[in-house]
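So the structure is just underneath, and the comments pick up after that.
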Amino acid sequence: MSLTRSTLWVGQSLPRVDAPGKVTGETQYSGDLSMPGMLQMKILFAGRPHARVVKIDTTQAEAAPGVVAIFTAKDVPVNEYGLQWNDQPVLCGRGQGEKGSRVAPDVVRFIGDQVAIVVAETEKAAAHARDLIHVEYEELPAVFDPLAAMQPGAPLVHPELGDTNICVHDRLRKGDVEAGFAKAEVIVESEYFTPVQEHAYLQPEAGLAYIDEEGRVTIKAGGQWTHTDRAQIAHALGVSDEEVRVIYPAIGGAFGGREDMSVQIVLALAAWRLDQLGVRRPVKIVWSRKESIIGHCKRHPMRLRAKWGASKDGKLVAAETEIIADGGAYMYTSNKVLGNTTITSTGPYFIPNLKTDVYGVYTNNIPSAAFRGFGAPQALFMAEMQMDKLAEKLGLDTVEMRRRNALRDGDTLGVGTPVPGPVSILHCIEAAAQHAGWEKEPDGWRNVKRENVQPANLKRGRGFACGFKNVGFSFGYKENSWARVELHGDEEIEGVVAAHAGAEVGQGTHTVMVQMVAEAVGVPLEKVTLMTSDSAGMGNPGSASASRMTLMAGNALKGAAEAALAKWEAEERPAIAEYTYRAPETTPFDKESGYSTPNFAYAYVAQAVELEVDTETGFIKILRVVSADDVGQAINPALVEGQIEGGVVQAQGYALMENFITRDGYVLTDQLSTYLIPTILDIPDAVDSVIVEVPSPIGPWGARGLGELPFLPLAAAIAAAVHDATGVWFDELPLTPERVLRGLGKI
Amino acid sequence: MAFHKVNVTINGEMEQVVVPSNMTLMRMLREILAFTGTKNGCSAGECGACTVLLNGEPVNSCMVLAVECDGTEIITVEGLAGDKQLDPIQEAMIQEGGVQCGFCTPGILISSYALLKRNPNPSEDEIREALVGNLCRCTGYVRIIESVKEAAKRS
């Protein structure tokens with residue numbers, strides 16, 4: 001119904017529904033919550049990369065003033081958890097909780113593993129008592145370099161899981177690479193390195209746990225997916241999902257870093273065990289910045305080797321790729337992240353012959369997992385650099401090189417099946433190129449060089465890069481999202497109450513949900529009330545990740561609204577309908593060839609960068625970024641632009657300045673004064689958002705997805721612009737002044 | 001640990017608080033007085049989320065001891081709005097989309113408010129300079145700058 005009339009609310013740049021509370025200070029984040037009788041909790045982290053817990057002595061700590069209880073492994077009913085695999089102990093140590101556990105619960109595998117929790121009257125008392133816990137460890141040989149960890153004889157991080165640290169191996173085999181290379185006019189071989197990235201959301205992890213009026217263990221802590229938080233907590237406590245309730249207060253950023261557990265399980269454990277001891281009091285924890293940085297996952301660092309060939313007319317003929325990713329100590333979502341790396345390692349291009357191997361390796365580093373882009377930014381850095389180097393060898397313009405190879409409708413991806421259409425990478429390429437000053441001539445695109453009127457040490461350059469990524473979950477997951485819509489009133493609809501548990505992590509999803517509900521029902525915006533993230537009484541929303549929430553929640557809310565309207569027409573008052581949207585089915589990789597239909601939708605992006613390199617200091621100044629993102633249909637264009645600007649600056653940090661340094665598993669950059677993220681003085685002079693709208697046939701009002709897109713190609717576009725400016729290829733990120741000066745031969 | 005009696009004016013209201021010597025202004029605001037609009041992002045003066053006005057000057061409240069605030073006037077994000085009327089910088093931040101997750105927003109608002117008080121017509125460079133101590137991980141700052149420009153127009 002909605003597609004046939006012009007839209008009321010979809011496509012409007014409306015202010016965010018949550019902005020008033022956020023500008024007055026009224027909005028409560030988990031660290032702001034308090035309840036009467038609330039206790040405070042502290043976690044004892046292992047603080048060592050690989051060791052066996054031999055003995056935990058809490059005697060002295062228990063006697064410390066203000067201490068209410070101390071819990072260790074023996075208090076955890078099922079001492080294992082994980083979003084993909086249960087390979088991590090809740091609290092490291094021996095206890096009752098080994099039954100059914102696949103991994104040794106008494107082994108610490110990275111510095112942020114948790115060993116004990118202390119609940120006390122005050123935060124200070126909890127911290128004091130934590131320092132009085134004596135743990136005897138047996139140090140184990142550790143491994144930190146994923147390449148070393150792959151070698152036979154390397155110390156094993158999870159000996160119970162097999163005789164190797166390789167925990168993921170994805171393969172693509174398509175056509176015949178040798179025959180393909182034989183047709184190549186030019187071949188480029190390179191090795192790339194991409195770094196760890198820390199999410200550095202402004203709000204460190206925090207939470208509050210209590211027993212609610214129905215006896216449920218209730219956790220208020222920011223996350224990205226209420227129902228998997230609940231499932232992991234319930235599993236560890238050995239209770240049913242229904243006995244656990246997860247509520248999201250306001251969330252201070254996530255970017256993938258809140259998808260895995262941090263404080264949730266131990267908070268639940270504390271409130272639940274205290275209740276059993278007859279102490280029904282809420283428990284709160286707030287992590288410091290340092291605890292946040294050692295305690296949650298990171299973006300996978302990777303080594304990427306590529307050999308790509310192209311014919312004389314600039315067509316890709318073959319690509320051979322090997323990627324090794326440091327997965328860190330536990331699986332988290334590495335298997336899914338690296339599946340995504342595998343798919344996007346071709347770039348958004350048609351390559352007839354492929355041999356791709358992608359490895360994930362366990363080490364004793366902080367686990368790697370989800371971070372905006374989910375494995376694609378690393379793969380695209382490699383792919384886009386390869387494209388530029390091939391174009392250079394062929395004397396082709398970089399935009400023209402991309403136009404000639406861009407995926408078209410009906411082309412097969414590396415996985416051997418056609419890409420779901422419509423494919424819009426060409427639209428994005430043309431939009432970005434035109435906006436950035438490329439000119440389309442009869443023989444193709446051309447970068448029109450401008451005079452460099454700067455002092456001799458300031459070299460200007462322009463770069464271009466593309467990206468693509470799945471929208472929604474992949475590889476055979478039964479992708480779905482639930483919503484409920486209630487229509488209240490008598491003669492006419494006076495109020496609409498919509499429920500969806502999808503996480504508002506700052507991206508603006510609640511605003512977009514309200515707009516889509518108002519649109520679907522056909523009522524003024526102010527009539528819509530949104531019930532948000534509470535696992536009690538709401539169905540599974542799926543995660544606020546994979547750029548999926550607009551498409552999935554939109555379809556769920558639209559379906560529920562249409563069903564409720566049908567009941568309204570049938571005179572039901574109130575008219576209430578629930579609806580679960582189910583996305584088209586996908587399939588996992590074939591183990592040998594990767595053959596699959598891994599995704600049901602993709603979104604596309606192209607970016608151009610203009611920058612200036614100071615060849616005396618190595619400092620790179622970004623002058624302008626043009627980002628052309630195909631969102632299918634912008635539900636709220638102002639929010640789209642906000643996502644593009646934020647994604648670009650986060651990617652700029654990744655490409656230029658964010659330098660996460662570890663030594664033997666210990667983090668040397670565990671503060672915001674040593675791990676530097678962009679300040680307002682670091683951002684580009686201009687970020688031009690170009691919203692491309694090629695509707696998705698399955699998206700609500702044609703919407704695809706957005707959150708990750710603007711991050712994807714920026715590092716490659718920057719490196720290309722630096723090459724344009726200096727003539728030097730930089731194959732390792734971040735491009736810190738020191739690295740630039742080394743590359744220029746100045747130091 | 002010694003305790004001290006501190007008299008402060010917070011958002012126009014007189015308060016008398018007893019604080020330990022080592023308590024920061026941020027903790028006094030958040031934990032004793034429940035002004036949780038002032039956020040704790042690092043407790044180390046690195047992120048600016050806890051910025052408040054101390055006698056009209058923006059400070060990282062995690063870097064100021066509560067005892068130092070005896071006899072001072074403090075304004076937090078909760079004190080920016082008048083009687084049911086938001087300050088222009090708050091209005092502009094809503095309209096221009098300067099808010100995403102919102103955790104940096106209170107500090108950004110306070111720094112921007114202080115800037116506009118001393119310089120009602122700041123240039124873009126002056127805006128950037130005034131906000132360099134306030135980290136934001138979501139917005140890329142673009143719309144925050146636009147918000148301050150818009151607030152300057154409205155004031």
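How things are named: the first chain in the structure tokens is A, the next is B, and so on; residues count from 1 in each chain; ligands count from 1 in the order shown.
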
Can I get the residues of chain A within 8 Å of chain B, each with the closest pair of atoms and their distance in Å to one decimal, using only C-alpha atoms, sorted chain first then ascending number, as CSV?
```
residue,atom,partner,partner_atom,distance
A:Pro15,CA,B:Gln95,CA,5.7
A:Arg16,CA,B:Ile94,CA,7.1
A:Ala19,CA,B:Ile94,CA,5.6
A:Pro20,CA,B:Ile94,CA,6.7
A:Lys22,CA,B:Gly102,CA,5.6
A:Val23,CA,B:Gln90,CA,5.7
A:Thr24,CA,B:Glu78,CA,5.5
A:Gly25,CA,B:Gly37,CA,4.0
A:Glu26,CA,B:Gly37,CA,6.4
A:Thr27,CA,B:Gly37,CA,7.6
A:Gln28,CA,B:Thr36,CA,7.6
A:Asp32,CA,B:Thr36,CA,5.7
A:Ala200,CA,B:Arg137,CA,7.1
A:Tyr201,CA,B:Arg137,CA,5.9
A:Leu202,CA,B:Gly41,CA,5.7
A:Gln203,CA,B:Gly41,CA,5.6
A:Pro204,CA,B:Gly41,CA,6.4
A:Ala250,CA,B:Cys101,CA,7.9
A:Ile251,CA,B:Cys101,CA,6.5
A:Gly252,CA,B:Cys101,CA,5.0
A:Gly253,CA,B:Cys101,CA,5.4
A:Ser288,CA,B:Cys42,CA,6.5
A:Arg289,CA,B:Cys42,CA,5.1
A:Val505,CA,B:Cys101,CA,6.0
A:Gly506,CA,B:Cys101,CA,3.5
A:Gln507,CA,B:Gln100,CA,6.1
A:Gly508,CA,B:Gln100,CA,6.8
A:Ala638,CA,B:Gly97,CA,7.2
A:Leu639,CA,B:Gly97,CA,7.4
A:Gly642,CA,B:Thr139,CA,6.0
A:Gln643,CA,B:Thr139,CA,7.0
A:Glu645,CA,B:Gly140,CA,5.3
A:Gly646,CA,B:Gly140,CA,4.1
A:Gly647,CA,B:Gly140,CA,7.3
A:Val648,CA,B:Gly140,CA,7.2
A:Val649,CA,B:Gly140,CA,5.0
A:Gln650,CA,B:Arg137,CA,7.0
A:Gln671,CA,B:Cys42,CA,7.8
A:Leu672,CA,B:Glu46,CA,6.0
A:Ser673,CA,B:Glu46,CA,6.1
A:Ile677,CA,B:Arg137,CA,8.0
A:Pro678,CA,B:Leu135,CA,7.7
A:Thr679,CA,B:Leu135,CA,5.8
A:Ile680,CA,B:Val132,CA,5.6
A:Leu681,CA,B:Arg128,CA,6.0
A:Ile683,CA,B:Gly140,CA,7.1
A:Val687,CA,B:Val142,CA,7.9
```

> Residues of region 24-128 of chain B in alpha helix (DSSP H) according to DSSP, as an MDAnalysis selection string?
Replying inline: chainID B and resid 25:27 88:95 105:118 124:128

> Using only C-alpha atoms, which of A:Ala254, A:Ile187, A:Met150, A:Val279 sits nearest Val68 (chain A)?
Replying inline: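 Nearest to Val68 (chain A): A:Val279.
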
Could you build a table of the residues in region 402-495 of chain A lying no more than 12 Å from region 368-377 of chain A, giving for each the nearest pair of atoms and their separation in Å rounded to one decimal place, using only C-alpha atoms, ordered by chain and ascending residue number, as a tab-separated table?
```
residue	atom	partner	partner_atom	distance
A:Ala465	CA	A:Pro377	CA	11.3
A:Cys466	CA	A:Pro377	CA	10.4
A:Gly467	CA	A:Pro377	CA	8.2
A:Phe468	CA	A:Ala376	CA	8.0
A:Lys469	CA	A:Ala376	CA	7.0
A:Asn470	CA	A:Gly373	CA	9.6
A:Val471	CA	A:Gly373	CA	10.6
A:Gly472	CA	A:Phe374	CA	11.7
A:Phe473	CA	A:Phe374	CA	11.3
A:Ser474	CA	A:Phe374	CA	12.0
```

Find the spatial neighbours of Met23 (chain B), counting only C-alpha atoms, within a cut-off of 12 Å - ignore same-chain residues fewer than 2 positions away - and output them as a compact mmCIF listing (two decimals) with all heavy atoms, in the first residue's frame.
```txt
# COMPACT_ATOMS: atom_id res chain seq x y z
N LYS A 124 34.91 1.80 46.00
CA LYS A 124 36.25 1.81 46.59
C LYS A 124 36.52 0.53 47.38
O LYS A 124 37.59 -0.07 47.29
CB LYS A 124 36.37 3.04 47.51
CG LYS A 124 37.77 3.48 47.76
CD LYS A 124 37.78 4.74 48.59
CE LYS A 124 39.07 4.79 49.40
NZ LYS A 124 39.03 5.83 50.40
N MET B 1 41.11 9.54 55.89
CA MET B 1 40.63 10.47 54.85
C MET B 1 39.88 11.63 55.51
O MET B 1 38.94 11.41 56.25
CB MET B 1 39.70 9.72 53.88
CG MET B 1 39.09 10.58 52.80
SD MET B 1 40.26 11.11 51.54
CE MET B 1 40.72 9.51 50.85
N ALA B 2 40.34 12.83 55.21
CA ALA B 2 39.64 14.01 55.73
C ALA B 2 38.42 14.34 54.88
O ALA B 2 38.40 14.07 53.69
CB ALA B 2 40.60 15.20 55.72
N PHE B 3 37.44 14.90 55.53
CA PHE B 3 36.23 15.34 54.81
C PHE B 3 36.10 16.85 54.91
O PHE B 3 36.56 17.46 55.87
CB PHE B 3 34.98 14.65 55.38
CG PHE B 3 34.90 13.21 54.97
CD1 PHE B 3 35.62 12.22 55.65
CD2 PHE B 3 34.11 12.83 53.88
CE1 PHE B 3 35.55 10.89 55.24
CE2 PHE B 3 34.04 11.51 53.49
CZ PHE B 3 34.76 10.54 54.16
N HIS B 4 35.48 17.42 53.91
CA HIS B 4 35.39 18.88 53.84
C HIS B 4 33.98 19.31 53.47
O HIS B 4 33.32 18.65 52.69
CB HIS B 4 36.35 19.43 52.77
CG HIS B 4 37.73 18.89 52.90
ND1 HIS B 4 38.73 19.53 53.60
CD2 HIS B 4 38.28 17.73 52.44
CE1 HIS B 4 39.83 18.81 53.56
NE2 HIS B 4 39.59 17.71 52.86
N VAL B 6 31.77 21.79 51.47
CA VAL B 6 31.94 22.62 50.27
C VAL B 6 30.62 23.31 49.97
O VAL B 6 29.58 22.67 49.89
CB VAL B 6 32.36 21.73 49.07
CG1 VAL B 6 32.39 22.55 47.78
CG2 VAL B 6 33.70 21.09 49.31
N VAL B 17 27.82 20.48 50.43
CA VAL B 17 28.16 19.07 50.26
C VAL B 17 29.37 18.74 51.12
O VAL B 17 30.27 19.56 51.26
CB VAL B 17 28.53 18.78 48.78
CG1 VAL B 17 28.51 17.29 48.50
CG2 VAL B 17 27.59 19.50 47.83
N VAL B 18 29.36 17.55 51.68
CA VAL B 18 30.54 17.08 52.41
C VAL B 18 31.25 16.06 51.54
O VAL B 18 30.65 15.07 51.11
CB VAL B 18 30.14 16.47 53.76
CG1 VAL B 18 31.37 15.90 54.47
CG2 VAL B 18 29.45 17.52 54.62
N VAL B 19 32.51 16.35 51.26
CA VAL B 19 33.24 15.49 50.32
C VAL B 19 34.58 15.06 50.91
O VAL B 19 35.20 15.81 51.67
CB VAL B 19 33.50 16.22 48.97
CG1 VAL B 19 32.20 16.59 48.30
CG2 VAL B 19 34.37 17.45 49.17
N PRO B 20 35.05 13.88 50.56
CA PRO B 20 36.41 13.50 50.95
C PRO B 20 37.43 14.29 50.13
O PRO B 20 37.12 14.76 49.03
CB PRO B 20 36.48 12.01 50.62
CG PRO B 20 35.39 11.76 49.64
CD PRO B 20 34.34 12.79 49.87
N SER B 21 38.64 14.40 50.67
CA SER B 21 39.67 15.23 50.04
C SER B 21 39.94 14.84 48.59
O SER B 21 40.23 15.69 47.75
CB SER B 21 41.00 15.09 50.80
OG SER B 21 40.80 15.37 52.15
N LEU B 25 35.41 16.81 41.24
CA LEU B 25 34.16 17.52 41.00
C LEU B 25 33.19 16.63 40.21
O LEU B 25 31.99 16.61 40.48
CB LEU B 25 34.47 18.82 40.22
CG LEU B 25 33.28 19.62 39.70
CD1 LEU B 25 32.33 20.02 40.82
CD2 LEU B 25 33.78 20.86 38.95
N MET B 26 33.73 15.88 39.25
CA MET B 26 32.86 15.01 38.47
C MET B 26 32.12 14.01 39.36
O MET B 26 30.91 13.83 39.24
CB MET B 26 33.68 14.23 37.43
CG MET B 26 32.83 13.28 36.59
SD MET B 26 33.84 12.24 35.53
CE MET B 26 34.44 11.06 36.73
N ARG B 27 32.84 13.41 40.28
CA ARG B 27 32.19 12.40 41.14
C ARG B 27 31.22 13.06 42.10
O ARG B 27 30.17 12.50 42.39
CB ARG B 27 33.25 11.59 41.88
CG ARG B 27 34.14 10.82 40.92
CD ARG B 27 34.95 9.79 41.63
NE ARG B 27 34.07 8.71 42.09
CZ ARG B 27 34.46 7.46 42.28
NH1 ARG B 27 35.71 7.12 42.06
NH2 ARG B 27 33.61 6.56 42.70
N MET B 28 31.58 14.24 42.56
CA MET B 28 30.64 14.94 43.44
C MET B 28 29.34 15.21 42.69
O MET B 28 28.24 14.98 43.22
CB MET B 28 31.26 16.26 43.93
CG MET B 28 30.33 17.04 44.85
SD MET B 28 31.02 18.64 45.31
CE MET B 28 30.38 19.67 44.00
N LEU B 29 29.46 15.69 41.46
CA LEU B 29 28.26 16.00 40.68
C LEU B 29 27.45 14.74 40.40
O LEU B 29 26.24 14.71 40.59
CB LEU B 29 28.65 16.65 39.34
CG LEU B 29 29.20 18.08 39.43
CD1 LEU B 29 29.79 18.51 38.09
CD2 LEU B 29 28.09 19.05 39.87
N ARG B 30 28.11 13.69 39.96
CA ARG B 30 27.40 12.48 39.54
C ARG B 30 26.90 11.65 40.72
O ARG B 30 25.78 11.16 40.71
CB ARG B 30 28.31 11.59 38.67
CG ARG B 30 28.59 12.16 37.28
CD ARG B 30 29.48 11.20 36.47
NE ARG B 30 28.93 9.86 36.41
CZ ARG B 30 27.97 9.48 35.57
NH1 ARG B 30 27.49 10.33 34.69
NH2 ARG B 30 27.52 8.24 35.59
N GLU B 31 27.78 11.49 41.73
CA GLU B 31 27.47 10.50 42.76
C GLU B 31 26.78 11.08 43.99
O GLU B 31 26.01 10.40 44.63
CB GLU B 31 28.76 9.76 43.16
CG GLU B 31 29.28 8.92 42.00
CD GLU B 31 30.69 8.42 42.22
OE1 GLU B 31 31.12 8.33 43.38
OE2 GLU B 31 31.37 8.11 41.21
N ILE B 32 27.10 12.34 44.31
CA ILE B 32 26.46 12.91 45.49
C ILE B 32 25.22 13.71 45.09
O ILE B 32 24.17 13.60 45.72
CB ILE B 32 27.45 13.80 46.27
CG1 ILE B 32 28.62 12.95 46.75
CG2 ILE B 32 26.74 14.48 47.45
CD1 ILE B 32 29.60 13.67 47.65
N SER B 43 37.93 9.71 33.05
CA SER B 43 38.47 10.10 34.37
C SER B 43 39.92 10.56 34.30
O SER B 43 40.65 10.46 35.28
CB SER B 43 38.37 8.94 35.38
OG SER B 43 37.03 8.76 35.76
N SER B 61 35.72 18.23 34.62
CA SER B 61 35.41 18.13 36.05
C SER B 61 36.09 16.91 36.69
O SER B 61 36.16 16.82 37.91
CB SER B 61 33.90 18.10 36.27
OG SER B 61 33.30 16.99 35.63
N CYS B 62 36.63 16.01 35.89
CA CYS B 62 37.37 14.88 36.46
C CYS B 62 38.78 15.29 36.87
O CYS B 62 39.50 14.53 37.48
CB CYS B 62 37.44 13.72 35.47
SG CYS B 62 38.47 14.02 34.02
N MET B 63 39.18 16.50 36.48
CA MET B 63 40.53 16.99 36.77
C MET B 63 40.53 18.05 37.85
O MET B 63 41.54 18.70 38.09
CB MET B 63 41.16 17.56 35.48
CG MET B 63 41.42 16.53 34.40
SD MET B 63 42.96 15.63 34.69
CE MET B 63 42.35 14.16 35.45
N VAL B 64 39.35 18.28 38.45
CA VAL B 64 39.22 19.31 39.49
C VAL B 64 38.77 18.61 40.77
O VAL B 64 37.86 17.78 40.74
CB VAL B 64 38.16 20.36 39.08
CG1 VAL B 64 37.94 21.37 40.18
CG2 VAL B 64 38.56 21.04 37.77
N LEU B 65 39.41 18.94 41.87
CA LEU B 65 38.96 18.35 43.14
C LEU B 65 37.72 19.11 43.63
O LEU B 65 37.64 20.34 43.49
CB LEU B 65 40.07 18.42 44.18
CG LEU B 65 41.23 17.46 43.95
CD1 LEU B 65 42.34 17.72 44.96
CD2 LEU B 65 40.78 16.00 44.03
N ALA B 66 36.82 18.37 44.22
CA ALA B 66 35.59 19.00 44.73
C ALA B 66 35.90 20.09 45.75
O ALA B 66 35.27 21.15 45.77
CB ALA B 66 34.68 17.94 45.33
N VAL B 67 36.91 19.84 46.58
CA VAL B 67 37.24 20.84 47.62
C VAL B 67 37.69 22.16 47.03
O VAL B 67 37.54 23.21 47.65
CB VAL B 67 38.34 20.36 48.60
CG1 VAL B 67 37.81 19.29 49.52
CG2 VAL B 67 39.58 19.88 47.85
N GLU B 68 38.23 22.12 45.82
CA GLU B 68 38.66 23.36 45.16
C GLU B 68 37.47 24.22 44.77
O GLU B 68 37.64 25.38 44.40
CB GLU B 68 39.43 23.06 43.87
CG GLU B 68 40.74 22.33 44.04
CD GLU B 68 41.36 22.06 42.68
OE1 GLU B 68 41.93 23.00 42.10
OE2 GLU B 68 41.26 20.92 42.19
N CYS B 69 36.28 23.64 44.79
CA CYS B 69 35.11 24.33 44.25
C CYS B 69 34.34 25.10 45.31
O CYS B 69 33.27 25.65 45.01
CB CYS B 69 34.20 23.33 43.55
SG CYS B 69 35.03 22.52 42.20
```

> Do you have the CA of Met538 (chain A)-CA of Lys558 (chain A) distance handy?
Replying inline: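 Spanning CA of Met538 (chain A) to CA of Lys558 (chain A) is a straight-line distance of 16.3 Å.
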
>> Just the number, please: distance in Å from CA of Lys440 (chain A) to CA of Ala606 (chain A), one decimal.
In response: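 One can read the CA of Lys440 (chain A) to CA of Ala606 (chain A) distance as 16.2 Å.
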
Out of region 504-560 of chain A, which residues get strand (DSSP E) from DSSP, as an mmCIF file with C-alpha atoms, in the first residue's frame?
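Written out: part-v6.cif:
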```
data_model
loop_
_atom_site.group_PDB
_atom_site.id
_atom_site.type_symbol
_atom_site.label_atom_id
_atom_site.label_comp_id
_atom_site.auth_asym_id
_atom_site.auth_seq_id
_atom_site.Cartn_x
_atom_site.Cartn_y
_atom_site.Cartn_z
ATOM 1 C CA VAL A 528 3.560 7.117 17.283
ATOM 2 C CA THR A 529 5.036 5.851 20.545
ATOM 3 C CA LEU A 530 7.982 3.472 20.289
ATOM 4 C CA MET A 531 8.591 0.768 22.898
#
```

>> What's around Ala184 (chain A) at 6 Å? Count only C-alpha atoms, leave out sequence neighbours fewer than 5 positions away in its own chain, and write the answer as a PyMOL selection string.
In response: chain A and resi 309-311
